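Trainee: What follows is upload.csv, made up of CSV, C-alpha atoms and all ligand atoms:
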```csv
chain,number,residue,atom,x,y,z
G,1,MET,CA,0.0,0.0,0.0
G,2,LYS,CA,1.1,3.6,-0.6
G,3,LEU,CA,0.2,6.5,1.6
G,4,ARG,CA,0.3,10.1,0.4
G,5,TYR,CA,2.1,11.5,3.5
G,6,SER,CA,3.3,14.5,5.3
G,7,PRO,CA,5.0,14.5,8.8
G,8,THR,CA,3.0,17.6,9.9
G,9,SER,CA,-0.5,16.5,9.0
G,10,PRO,CA,-2.5,15.3,12.1
G,11,TYR,CA,-4.9,13.5,9.8
G,12,VAL,CA,-2.0,11.6,8.2
G,13,ARG,CA,-0.7,10.9,11.7
G,14,LYS,CA,-4.0,9.2,12.6
G,15,VAL,CA,-3.4,6.8,9.8
G,16,VAL,CA,0.2,6.1,10.7
G,17,VAL,CA,-0.6,5.6,14.4
G,18,THR,CA,-3.4,3.2,13.3
G,19,ALA,CA,-1.0,1.3,11.1
G,20,ILE,CA,1.5,0.9,14.0
G,21,GLU,CA,-1.2,-0.1,16.5
G,22,THR,CA,-2.5,-2.7,14.1
G,23,GLY,CA,0.9,-4.1,13.1
G,24,LEU,CA,0.5,-2.9,9.5
G,25,GLU,CA,3.2,-0.2,9.3
G,26,SER,CA,5.7,-2.2,7.3
G,27,ARG,CA,3.1,-2.8,4.5
G,28,ILE,CA,2.8,0.9,3.9
G,29,GLU,CA,5.1,2.9,1.7
G,30,ARG,CA,5.1,6.7,2.5
G,31,ILE,CA,4.9,9.0,-0.5
G,32,PRO,CA,6.0,12.5,0.8
G,33,THR,CA,3.4,15.0,-0.5
G,34,ASN,CA,3.2,18.8,-0.1
G,35,VAL,CA,-0.4,19.7,-0.8
G,36,TRP,CA,0.4,23.4,-0.8
G,37,ASP,CA,3.1,23.1,-3.5
G,38,ALA,CA,1.7,24.6,-6.8
G,39,GLY,CA,3.0,21.6,-8.7
G,40,THR,CA,1.5,18.9,-6.5
G,41,ASP,CA,-0.1,15.9,-8.2
G,42,ILE,CA,-2.3,15.0,-5.2
G,43,ALA,CA,-5.5,15.7,-7.1
G,44,GLU,CA,-4.7,12.7,-9.3
G,45,ASP,CA,-5.2,10.5,-6.2
G,46,ASN,CA,-7.7,12.6,-4.3
G,47,PRO,CA,-9.9,15.1,-6.2
G,48,LEU,CA,-10.2,17.1,-3.0
G,49,GLY,CA,-6.5,17.8,-3.1
G,50,LYS,CA,-6.0,16.6,0.4
G,51,ILE,CA,-3.9,14.1,2.3
G,52,PRO,CA,-4.0,11.4,3.6
G,53,ALA,CA,-4.9,9.3,0.6
G,54,LEU,CA,-4.2,5.5,0.6
G,55,ILE,CA,-3.5,3.5,-2.6
G,56,THR,CA,-4.4,-0.1,-1.6
G,57,ASP,CA,-2.6,-3.2,-3.0
G,58,GLY,CA,-5.7,-3.6,-5.2
G,59,ARG,CA,-5.1,-0.1,-6.6
G,60,GLU,CA,-8.2,1.4,-5.0
G,61,ILE,CA,-7.6,4.9,-3.7
G,62,LEU,CA,-9.2,5.7,-0.3
G,63,TYR,CA,-9.7,8.9,1.6
G,64,ASP,CA,-10.3,10.6,4.1
G,65,SER,CA,-8.6,9.6,7.3
G,66,PRO,CA,-11.6,7.9,9.0
G,67,VAL,CA,-12.2,5.7,5.9
G,68,ILE,CA,-8.5,4.8,5.6
G,69,CYS,CA,-8.2,4.0,9.3
G,70,GLU,CA,-11.3,1.8,9.2
G,71,TYR,CA,-9.9,0.1,6.1
G,72,LEU,CA,-6.6,-0.7,7.9
G,73,ASP,CA,-8.5,-2.0,10.9
G,74,SER,CA,-10.2,-4.5,8.6
G,75,LEU,CA,-6.8,-6.0,7.6
G,76,HIS,CA,-5.6,-7.4,10.9
G,77,ASP,CA,-6.6,-10.1,13.4
G,78,GLY,CA,-5.9,-8.2,16.6
G,79,ALA,CA,-8.3,-6.2,18.8
G,80,ASN,CA,-10.3,-3.8,16.6
G,81,LEU,CA,-9.9,-0.1,16.9
G,82,PHE,CA,-13.3,0.4,15.4
G,83,PRO,CA,-15.7,-1.5,17.7
G,84,SER,CA,-17.9,-3.6,15.4
G,85,ALA,CA,-21.4,-2.7,16.8
G,86,GLY,CA,-23.4,-1.2,19.6
G,87,GLY,CA,-22.8,1.8,21.9
G,88,ALA,CA,-19.0,1.3,21.9
G,89,ARG,CA,-18.9,1.8,18.1
G,90,TRP,CA,-21.0,5.0,18.2
G,91,THR,CA,-18.9,6.4,21.0
G,92,ALA,CA,-15.6,5.7,19.2
G,93,LEU,CA,-16.9,7.3,16.0
G,94,ARG,CA,-18.3,10.3,17.8
G,95,ARG,CA,-15.0,10.9,19.6
G,96,GLN,CA,-13.2,10.6,16.3
G,97,ALA,CA,-15.6,13.1,14.7
G,98,LEU,CA,-15.1,15.5,17.7
G,99,ALA,CA,-11.3,15.3,17.5
G,100,ASP,CA,-11.3,15.7,13.7
G,101,GLY,CA,-13.7,18.7,14.0
G,102,ILE,CA,-11.4,20.4,16.5
G,103,LEU,CA,-8.6,19.9,14.1
G,104,ASP,CA,-10.7,21.3,11.2
G,105,ALA,CA,-11.3,24.4,13.3
G,106,GLY,CA,-7.7,24.6,14.4
G,107,VAL,CA,-6.5,24.4,10.8
G,108,GLY,CA,-9.1,27.1,9.9
G,109,ARG,CA,-7.5,29.4,12.5
G,110,LEU,CA,-4.0,28.5,11.3
G,111,LEU,CA,-4.7,29.2,7.7
G,112,GLU,CA,-6.5,32.5,8.5
G,113,SER,CA,-3.4,33.6,10.5
G,114,ARG,CA,-1.3,33.0,7.4
G,115,ARG,CA,-3.3,35.3,5.2
G,116,PRO,CA,-2.0,38.9,4.6
G,117,GLU,CA,-2.9,41.0,7.6
G,118,GLY,CA,-5.6,43.2,6.0
G,119,GLU,CA,-7.4,40.1,4.7
G,120,ARG,CA,-7.8,38.3,8.0
G,121,SER,CA,-11.2,37.9,9.6
G,122,ALA,CA,-11.3,38.3,13.3
G,123,LYS,CA,-14.8,36.9,13.3
G,124,TRP,CA,-13.8,33.7,11.6
G,125,THR,CA,-10.7,33.3,13.8
G,126,GLU,CA,-12.9,33.7,16.9
G,127,ARG,CA,-15.4,31.1,15.5
G,128,CYS,CA,-12.6,28.6,15.0
G,129,ARG,CA,-11.1,29.3,18.5
G,130,GLY,CA,-14.6,28.8,20.0
G,131,ALA,CA,-15.1,25.4,18.4
G,132,VAL,CA,-11.6,24.3,19.6
G,133,SER,CA,-12.2,25.5,23.1
G,134,ARG,CA,-15.7,24.0,23.5
G,135,GLY,CA,-14.5,20.7,22.0
G,136,LEU,CA,-11.6,20.6,24.5
G,137,ASP,CA,-14.0,21.4,27.4
G,138,PHE,CA,-16.2,18.6,26.3
G,139,LEU,CA,-13.3,16.2,26.3
G,140,GLU,CA,-12.2,17.3,29.7
G,141,GLU,CA,-15.6,16.1,31.0
G,142,GLU,CA,-15.2,12.8,29.2
G,143,ALA,CA,-11.5,12.3,29.9
G,144,ASN,CA,-12.0,9.8,32.8
G,145,ASP,CA,-14.0,7.6,30.4
G,146,LEU,CA,-11.1,7.3,28.1
G,147,LEU,CA,-9.3,4.9,30.3
G,148,ASP,CA,-10.9,1.9,28.6
G,149,ARG,CA,-9.3,0.0,25.7
G,150,ILE,CA,-8.0,2.2,22.9
G,151,THR,CA,-10.2,2.9,19.8
G,152,ILE,CA,-10.0,5.2,16.8
G,153,GLY,CA,-11.5,7.9,19.1
G,154,HIS,CA,-8.5,7.8,21.4
G,155,ILE,CA,-6.1,7.9,18.4
G,156,ALA,CA,-7.9,10.9,16.9
G,157,ILE,CA,-7.9,12.8,20.3
G,158,GLY,CA,-4.2,12.0,20.8
G,159,CYS,CA,-3.2,13.2,17.3
G,160,MET,CA,-5.4,16.3,17.7
G,161,LEU,CA,-3.8,17.3,21.1
G,162,GLY,CA,-0.3,16.7,19.7
G,163,TRP,CA,-1.1,19.0,16.7
G,164,LEU,CA,-2.4,21.8,19.0
G,165,ASP,CA,0.9,21.7,20.9
G,166,PHE,CA,2.8,21.7,17.6
G,167,ARG,CA,1.0,24.6,16.0
G,168,PHE,CA,-0.1,26.6,19.0
G,169,PRO,CA,2.6,26.1,21.6
G,170,ASP,CA,1.6,29.2,23.5
G,171,ASP,CA,-2.0,28.2,24.0
G,172,ASP,CA,-2.2,26.5,27.3
G,173,TRP,CA,-5.1,24.1,26.7
G,174,ARG,CA,-3.9,22.1,29.8
G,175,ALA,CA,-4.4,24.9,32.3
G,176,ASP,CA,-8.1,24.2,33.1
G,177,ARG,CA,-8.2,20.7,31.8
G,178,PRO,CA,-6.3,18.5,34.2
G,179,ALA,CA,-8.1,15.2,33.4
G,180,LEU,CA,-7.4,15.6,29.7
G,181,ARG,CA,-3.8,16.6,30.4
G,182,ASP,CA,-3.2,13.5,32.5
G,183,TRP,CA,-4.8,11.2,29.9
G,184,ASN,CA,-2.7,12.8,27.2
G,185,GLU,CA,0.4,12.3,29.1
G,186,ASP,CA,-0.1,8.6,29.3
G,187,PHE,CA,-1.4,8.2,25.7
G,188,SER,CA,1.3,10.3,24.1
G,189,ALA,CA,3.9,8.0,25.7
G,190,ARG,CA,2.8,5.0,23.5
G,191,LEU,CA,5.4,4.0,20.9
G,192,SER,CA,2.9,4.7,18.1
G,193,MET,CA,2.8,8.3,19.3
G,194,THR,CA,6.4,9.0,20.2
G,195,SER,CA,7.5,7.7,16.9
G,196,THR,CA,5.1,9.9,14.9
G,197,ALA,CA,5.5,13.3,16.6
G,198,PRO,CA,5.0,16.1,14.1
G,199,GLU,CA,8.1,17.8,12.7
G,200,GLU,CA,8.7,20.5,10.1
Z,301,LIG,N1,-11.2,15.2,6.7
Z,301,LIG,C1,-9.9,15.0,6.1
Z,301,LIG,C2,-9.0,16.3,6.3
Z,301,LIG,C3,-7.7,16.2,5.5
Z,301,LIG,C4,-7.0,17.5,5.4
Z,301,LIG,O1,-7.6,18.6,5.6
Z,301,LIG,N2,-5.7,17.4,5.2
Z,301,LIG,C5,-4.9,18.7,5.0
Z,301,LIG,C6,-3.5,18.4,5.4
Z,301,LIG,S1,-3.3,18.5,7.2
Z,301,LIG,C7,-4.9,19.0,3.5
Z,301,LIG,O2,-4.5,18.1,2.7
Z,301,LIG,N3,-5.2,20.2,3.2
Z,301,LIG,C8,-5.2,20.7,1.8
Z,301,LIG,C9,-6.3,21.5,1.4
Z,301,LIG,O3,-7.2,21.7,2.3
Z,301,LIG,O4,-6.4,21.9,0.3
Z,301,LIG,C10,-9.3,13.8,6.7
Z,301,LIG,O5,-9.6,13.4,7.8
Z,301,LIG,O6,-8.4,13.1,6.0
```
I'd like the structure from this file rewritten - as C-alpha cells, please.
Ligand SMILES: N[C@@H](CCC(=O)N[C@@H](CS)C(=O)NCC(=O)O)C(=O)O
Mentor:
Amino acid sequence: MKLRYSPTSPYVRKVVVTAIETGLESRIERIPTNVWDAGTDIAEDNPLGKIPALITDGREILYDSPVICEYLDSLHDGANLFPSAGGARWTALRRQALADGILDAGVGRLLESRRPEGERSAKWTERCRGAVSRGLDFLEEEANDLLDRITIGHIAIGCMLGWLDFRFPDDDWRADRPALRDWNEDFSARLSMTSTAPEE
C-alpha cells in the first residue's frame, strides 16, 4: 500500500498511528506530499487535493482519514480499533468526529493567521477558536471515560492534542483541563505516538 504522506499533518498521523497499533506499518510505503506546492499531483489521487490518501494493493484509492483508518482496521486479526457494533462503536466514531472537528477548526484558524494582515477575519478566527475551546472542554468532562481500551476515538484525540501543541505552543489548553492533560500524558507515551511526533 502507498500513503500520500506529510510529517506535519495530524490526519496523516492518525493513519500512521493506526497502522502501527495494528501491526501494518511495514506494509505501507510513504509518499511525501506537499499539498500546498503549486506543482503537487495530489489531485490525481484525491480530487479534494487533500492528504491522507491511501492507494491499496488492489489499486483502489481511499480517503479521508476515517475511511483509511477503518480500512486498515479490517486488515488485521488483533483487537479492533473500530468496535464492530453497539454503543461502543458510536462512542468511538463520535469521539473521532469531535477530535477531527477540533482539528478542522484549528486548521481554519492557522490558515487564517497566514493570510495577509488586511485580509484576515477576526470573526472567523474567533469562531474557530470557540469550536476548539468548546471541544476541549467537552473532552475534559469525558477524559475519565477514556481509560478503557483504545479505539480510533483515542487515536484521533491524541493526534489532535499533539497537533495543537505543535502549531499553537503558546495556547495552554492544559491549564483548566487536568483530566485531559493526564490522559494525554499517558497516551502520548505510546510507541505509536512517540515515533510519529510532528516535525517541520
Ligand atoms: N477530513 C480530512 C481532512 C484532511 C486534510 O484537511 N488534510 C490537509 C493536510 S493537514 C490537507 O490536505 N489540506 C489541503 C487543502 O485543504 O487543500 C481527513 O480526515 O483526512
Trainee: Give as a PyMOL selection string the residues surrounding ligand LIG 301 (chain Z) up to a distance of 10 Å, considering all atoms listed in the file.
Mentor: chain G and resi 4-15+33-36+42-43+46+48-53+62-69+96-97+100-101+103-104+107-108+111+156+163
Trainee: Can you pull out the residues contacting range 74-77 of chain G? Cut-off 9 Å, using all atoms listed in the file, and skip same-chain residues under 4 positions away; I want them as a ChimeraX atom specification.
Mentor: /G:22-24,69-70,82
Trainee: Give me, please, the distance in Å between CA of Glu126 in chain G and CA of Trp173 in chain G, quoted to one decimal.
Mentor: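 Interatomic distance, CA of Glu126 in chain G to CA of Trp173 in chain G: 15.8 Å.
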Trainee: Rounded to one decimal in Å, what is the spacing between CA of Asp176 in chain G and CA of Ala131 in chain G?
Mentor: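 According to the coordinates, CA of Asp176 in chain G and CA of Ala131 in chain G are separated by 16.3 Å.
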Trainee: I need the residue nearest His154 in chain G from this list: G:Ala175, G:Ala105, G:Ile61, G:Leu139. Use all atoms listed in the file for the distance.
Mentor: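 For His154 in chain G, the nearest of the given residues is G:Leu139.
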Trainee: Ranking G:Glu140, G:Glu112, G:Glu185, G:Asp73 by minimum distance to Arg127 in chain G and counting all atoms listed in the file, which one comes first?
Mentor: G:Glu112
